[in-house]
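Colleague: Structure file start-v3.pdb, PDB, C-alpha atoms and all ligand atoms, is pasted below:
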```pdb
ATOM      1  CA  MET N 873       0.000   0.000   0.000  1.00  0.00           C
ATOM      2  CA  HIS N 874       1.476   3.256  -1.104  1.00  0.00           C
ATOM      3  CA  MET N 875       0.666   6.563   0.508  1.00  0.00           C
ATOM      4  CA  LEU N 876       0.288   8.298  -2.807  1.00  0.00           C
ATOM      5  CA  GLY N 877      -1.121   5.429  -4.828  1.00  0.00           C
ATOM      6  CA  LYS N 878      -3.540   5.589  -7.724  1.00  0.00           C
ATOM      7  CA  ASN N 879      -6.555   6.116  -5.472  1.00  0.00           C
ATOM      8  CA  HIS N 880      -5.044   8.891  -3.459  1.00  0.00           C
ATOM      9  CA  ARG N 881      -7.170  12.004  -3.639  1.00  0.00           C
ATOM     10  CA  MET N 882      -6.072  15.438  -2.748  1.00  0.00           C
ATOM     11  CA  ASN N 883      -7.758  16.725   0.356  1.00  0.00           C
ATOM     12  CA  THR N 884     -10.215  19.291  -0.992  1.00  0.00           C
ATOM     13  CA  PHE N 885      -9.872  21.251   2.247  1.00  0.00           C
ATOM     14  CA  SER N 886      -6.199  21.874   1.792  1.00  0.00           C
ATOM     15  CA  LYS N 887      -5.081  25.427   1.396  1.00  0.00           C
ATOM     16  CA  PRO N 888      -6.306  27.143  -1.756  1.00  0.00           C
ATOM     17  CA  ALA N 889      -4.028  27.914  -4.647  1.00  0.00           C
ATOM     18  CA  LYS N 890      -2.258  31.218  -4.417  1.00  0.00           C
ATOM     19  CA  ARG N 891      -4.166  33.999  -6.081  1.00  0.00           C
ATOM     20  CA  LYS N 892      -2.725  37.165  -7.459  1.00  0.00           C
ATOM     21  CA  PRO N 893      -3.329  39.906  -4.890  1.00  0.00           C
ATOM     22  CA  GLU N 894      -6.140  42.179  -5.971  1.00  0.00           C
ATOM     23  CA  PRO N 895      -5.236  45.803  -6.606  1.00  0.00           C
ATOM     24  CA  VAL N 896      -5.850  48.091  -3.651  1.00  0.00           C
ATOM     25  CA  ASP N 897      -7.514  51.460  -4.153  1.00  0.00           C
ATOM     26  CA  SER N 898     -10.013  53.708  -2.391  1.00  0.00           C
ATOM     27  CA  THR N 899     -12.848  51.291  -3.280  1.00  0.00           C
ATOM     28  CA  THR N 900     -11.247  48.278  -1.576  1.00  0.00           C
ATOM     29  CA  VAL N 901     -13.706  47.068   1.066  1.00  0.00           C
ATOM     30  CA  VAL N 902     -11.234  45.067   3.134  1.00  0.00           C
ATOM     31  CA  CYS N 903      -7.659  46.308   2.973  1.00  0.00           C
ATOM     32  CA  PRO N 904      -5.438  43.238   2.729  1.00  0.00           C
ATOM     33  CA  PRO N 905      -2.468  42.699   5.075  1.00  0.00           C
ATOM     34  CA  THR N 906      -0.007  43.659   2.370  1.00  0.00           C
ATOM     35  CA  PRO N 907       2.188  46.762   2.188  1.00  0.00           C
ATOM     36  CA  THR N 908      -0.230  48.481  -0.213  1.00  0.00           C
ATOM     37  CA  GLY N 909      -3.230  47.345   1.833  1.00  0.00           C
ATOM     38  CA  ARG N 910      -1.753  48.676   5.054  1.00  0.00           C
ATOM     39  CA  ARG N 911      -0.800  51.938   3.347  1.00  0.00           C
ATOM     40  CA  GLU N 912      -4.365  52.446   2.088  1.00  0.00           C
ATOM     41  CA  TYR N 913      -5.743  51.655   5.568  1.00  0.00           C
ATOM     42  CA  LEU N 914      -3.474  54.295   7.123  1.00  0.00           C
ATOM     43  CA  ARG N 915      -4.389  56.775   4.373  1.00  0.00           C
ATOM     44  CA  ARG N 916      -8.045  56.342   5.298  1.00  0.00           C
ATOM     45  CA  ILE N 917      -7.342  56.906   9.008  1.00  0.00           C
ATOM     46  CA  ILE N 918      -5.562  60.151   8.074  1.00  0.00           C
ATOM     47  CA  GLU N 919      -8.460  61.169   5.814  1.00  0.00           C
ATOM     48  CA  MET N 920     -10.925  60.542   8.649  1.00  0.00           C
ATOM     49  CA  VAL N 921      -8.822  62.562  11.128  1.00  0.00           C
ATOM     50  CA  ASP N 922      -8.771  65.395   8.578  1.00  0.00           C
ATOM     51  CA  ARG N 923     -12.503  65.370   7.927  1.00  0.00           C
ATOM     52  CA  GLN N 924     -13.182  65.224  11.692  1.00  0.00           C
ATOM     53  CA  GLN N 925     -11.029  68.351  11.966  1.00  0.00           C
ATOM     54  CA  ASN N 926      -8.500  66.607  14.199  1.00  0.00           C
ATOM     55  CA  VAL N 927     -10.867  65.603  16.957  1.00  0.00           C
ATOM     56  CA  CYS N 928     -11.861  62.135  18.090  1.00  0.00           C
ATOM     57  CA  ALA N 929     -15.347  61.151  16.900  1.00  0.00           C
ATOM     58  CA  ILE N 930     -16.400  60.032  20.393  1.00  0.00           C
ATOM     59  CA  CYS N 931     -14.740  62.242  23.037  1.00  0.00           C
ATOM     60  CA  GLU N 932     -14.268  65.221  20.671  1.00  0.00           C
ATOM     61  CA  LEU N 933     -10.843  65.980  22.172  1.00  0.00           C
ATOM     62  CA  PRO N 934      -7.861  66.627  19.905  1.00  0.00           C
ATOM     63  CA  LEU N 935      -6.759  63.607  17.918  1.00  0.00           C
ATOM     64  CA  ILE N 936      -3.411  63.445  16.157  1.00  0.00           C
ATOM     65  CA  TYR N 937      -2.600  61.022  13.361  1.00  0.00           C
ATOM     66  CA  LEU N 938      -0.277  58.946  15.512  1.00  0.00           C
ATOM     67  CA  GLU N 939      -2.999  58.336  18.124  1.00  0.00           C
ATOM     68  CA  ALA N 940      -5.780  57.644  15.672  1.00  0.00           C
ATOM     69  CA  THR N 941      -7.296  54.212  15.288  1.00  0.00           C
ATOM     70  CA  PHE N 942      -9.798  52.999  12.735  1.00  0.00           C
ATOM     71  CA  ASP N 943     -13.232  52.342  14.190  1.00  0.00           C
ATOM     72  CA  HIS N 944     -15.535  50.084  12.201  1.00  0.00           C
ATOM     73  CA  GLU N 945     -19.102  51.187  12.860  1.00  0.00           C
ATOM     74  CA  ALA N 946     -20.526  47.801  11.888  1.00  0.00           C
ATOM     75  CA  GLY N 947     -17.859  45.914  13.818  1.00  0.00           C
ATOM     76  CA  ARG N 948     -15.247  43.783  12.209  1.00  0.00           C
ATOM     77  CA  GLY N 949     -17.248  40.617  12.714  1.00  0.00           C
ATOM     78  CA  MET N 950     -15.997  37.191  13.515  1.00  0.00           C
ATOM     79  CA  GLY N 951     -13.050  36.503  11.283  1.00  0.00           C
ATOM     80  CA  GLY N 952     -13.626  39.798   9.537  1.00  0.00           C
ATOM     81  CA  GLY N 953     -16.734  38.536   7.751  1.00  0.00           C
ATOM     82  CA  HIS N 954     -18.551  41.853   8.063  1.00  0.00           C
ATOM     83  CA  ARG N 955     -15.519  44.041   8.029  1.00  0.00           C
ATOM     84  CA  ASN N 956     -15.883  47.122   5.900  1.00  0.00           C
ATOM     85  CA  ASP N 957     -12.895  49.446   5.723  1.00  0.00           C
ATOM     86  CA  LEU N 958     -14.588  52.005   3.473  1.00  0.00           C
ATOM     87  CA  ILE N 959     -14.961  55.492   4.936  1.00  0.00           C
ATOM     88  CA  GLU N 960     -17.949  56.627   2.889  1.00  0.00           C
ATOM     89  CA  HIS N 961     -21.301  55.095   2.055  1.00  0.00           C
ATOM     90  CA  GLU N 962     -22.361  54.946  -1.577  1.00  0.00           C
ATOM     91  CA  ASP N 963     -24.247  58.228  -1.151  1.00  0.00           C
ATOM     92  CA  GLY N 964     -21.054  59.925   0.070  1.00  0.00           C
ATOM     93  CA  SER N 965     -22.102  60.109   3.708  1.00  0.00           C
ATOM     94  CA  TRP N 966     -19.497  59.228   6.307  1.00  0.00           C
ATOM     95  CA  MET N 967     -18.861  55.651   7.290  1.00  0.00           C
ATOM     96  CA  ASN N 968     -16.514  54.645  10.112  1.00  0.00           C
ATOM     97  CA  ALA N 969     -14.448  56.990  12.233  1.00  0.00           C
ATOM     98  CA  ALA N 970     -11.056  57.822  13.654  1.00  0.00           C
ATOM     99  CA  LEU N 971     -10.842  57.421  17.418  1.00  0.00           C
ATOM    100  CA  HIS N 972      -8.281  57.512  20.187  1.00  0.00           C
ATOM    101  CA  ALA N 973      -7.163  53.976  20.975  1.00  0.00           C
ATOM    102  CA  ARG N 974      -8.596  54.393  24.487  1.00  0.00           C
ATOM    103  CA  CYS N 975     -11.974  55.585  23.161  1.00  0.00           C
ATOM    104  CA  ASN N 976     -12.032  52.675  20.742  1.00  0.00           C
ATOM    105  CA  ALA N 977     -11.273  50.282  23.608  1.00  0.00           C
ATOM    106  CA  LEU N 978     -13.882  51.871  25.914  1.00  0.00           C
ATOM    107  CA  LYS N 979     -16.657  51.658  23.351  1.00  0.00           C
ATOM    108  CA  SER N 980     -15.867  47.969  23.111  1.00  0.00           C
ATOM    109  CA  SER N 981     -18.310  46.270  20.737  1.00  0.00           C
ATOM    110  CA  VAL N 982     -20.988  48.978  20.947  1.00  0.00           C
ATOM    111  CA  ARG N 983     -21.947  50.062  17.454  1.00  0.00           C
ATOM    112  CA  TYR N 984     -21.740  53.705  16.562  1.00  0.00           C
ATOM    113  CA  LYS N 985     -22.997  55.487  13.486  1.00  0.00           C
ATOM    114  CA  TRP N 986     -22.679  58.985  12.050  1.00  0.00           C
ATOM    115  CA  THR N 987     -26.008  60.602  12.851  1.00  0.00           C
ATOM    116  CA  GLY N 988     -26.588  64.283  12.180  1.00  0.00           C
ATOM    117  CA  GLY N 989     -22.864  64.976  12.160  1.00  0.00           C
ATOM    118  CA  LYS N 990     -22.241  63.115  15.433  1.00  0.00           C
ATOM    119  CA  TYR N 991     -20.829  59.649  15.917  1.00  0.00           C
ATOM    120  CA  LEU N 992     -23.456  58.141  18.212  1.00  0.00           C
ATOM    121  CA  PRO N 993     -24.274  54.719  19.629  1.00  0.00           C
ATOM    122  CA  VAL N 994     -26.794  52.794  17.583  1.00  0.00           C
ATOM    123  CA  LYS N 995     -29.811  52.000  19.783  1.00  0.00           C
ATOM    124  CA  SER N 996     -31.437  49.235  17.793  1.00  0.00           C
ATOM    125  CA  ARG N 997     -29.998  46.507  15.649  1.00  0.00           C
ATOM    126  CA  ASN N 998     -31.845  47.886  12.620  1.00  0.00           C
ATOM    127  CA  LYS N 999     -29.772  49.800  10.130  1.00  0.00           C
TER     128      LYS N 999
HETATM  129 ZN    ZN N1001     -11.342  60.049  22.017  1.00  0.00          ZN
END
```
Could the structure of this file be written out as structure tokens, please?

Modeller:
Amino acid sequence: MHMLGKNHRMNTFSKPAKRKPEPVDSTTVVCPPTPTGRREYLRRIIEMVDRQQNVCAICELPLIYLEATFDHEAGRGMGGGHRNDLIEHEDGSWMNAALHARCNALKSSVRYKWTGGKYLPVKSRNK
């Protein structure tokens, strides 16, 4: 009996074939953990800090680029299934926010949403 005999079948759950990395641009929903993906992610944090006029979306105290973290208003989901790294909705309204690391940690898994120019907790589960 040979380990790799005629009847041996490749395990279909083995790791998938390598794919060419998809190009990263401002429309990329989930920035990949590649140099270009990380660069785009940081660019978006900077853009959010700028549009928030250098204040944290939750505590409204000054926020500098180096302190800013990316907050995902819909959560990142288990395994990143619902992760959305975009910073604008299709209609151009703001999505996601830049927060102090401590504010991001304090809000924990509470969902926030831009509402009337403020980043506020979402009361219901409805969108
Ligand atoms: Zn803050």

Colleague: Hey, which residues sit close to ligand ZN 1001 (chain N)? Say within 7 Å, counting only C-alpha atoms and all ligand atoms, and write them as a PyMOL selection string.

Modeller: chain N and resi 928-933+971-972+974-975

Colleague: Applying 10 Å and only C-alpha atoms, which residues near range 978-995 of chain N remain after dropping the ones on its own chain fewer than 5 positions away? List them as a ChimeraX atom specification.

Modeller: /N:924,928-932,943-949,965-969,972-973

Colleague: Report, in Å to a single decimal, how far apart CA of Leu958 in chain N and CA of Ile918 in chain N are.

Modeller: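 Pair CA of Ile918 in chain N / CA of Leu958 in chain N returns 13.0 Å.
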
Colleague: If I take CA of Arg915 in chain N and CA of Tyr937 in chain N, how far is one from the other in Å, to one decimal?

Modeller: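 Straight-line distance from CA of Arg915 in chain N to CA of Tyr937 in chain N works out to 10.1 Å.
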
Colleague: Using only C-alpha atoms, which of N:Val927, N:Val896, N:Met920, N:Ala970 sits nearest Phe942 in chain N?

Modeller: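 Looking at the shortest contact to Phe942 in chain N, the residue is N:Ala970.
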
Colleague: Grab the CA of Gly964 in chain N to CA of Asp922 in chain N distance for me, in Å with one decimal place.

Modeller: 15.9 Å

Colleague: I need the output of the PyMOL selection byres (((chain N and resi 903-907) around 12) and not hetatm) for this file as a list in words; which residues are they?

Modeller: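 After applying the PyMOL selection byres (((chain N and resi 903-907) around 12) and not hetatm), what remains is Pro893, Glu894, Pro895, Val896, Asp897, Ser898, Thr899, Thr900, Val901, Val902, Thr908, Gly909, Arg910, Arg911, Glu912, Tyr913, Leu914, Arg915, Arg916, Gly952, Arg955, Asn956, Asp957, Leu958 and Ile959 of chain N.
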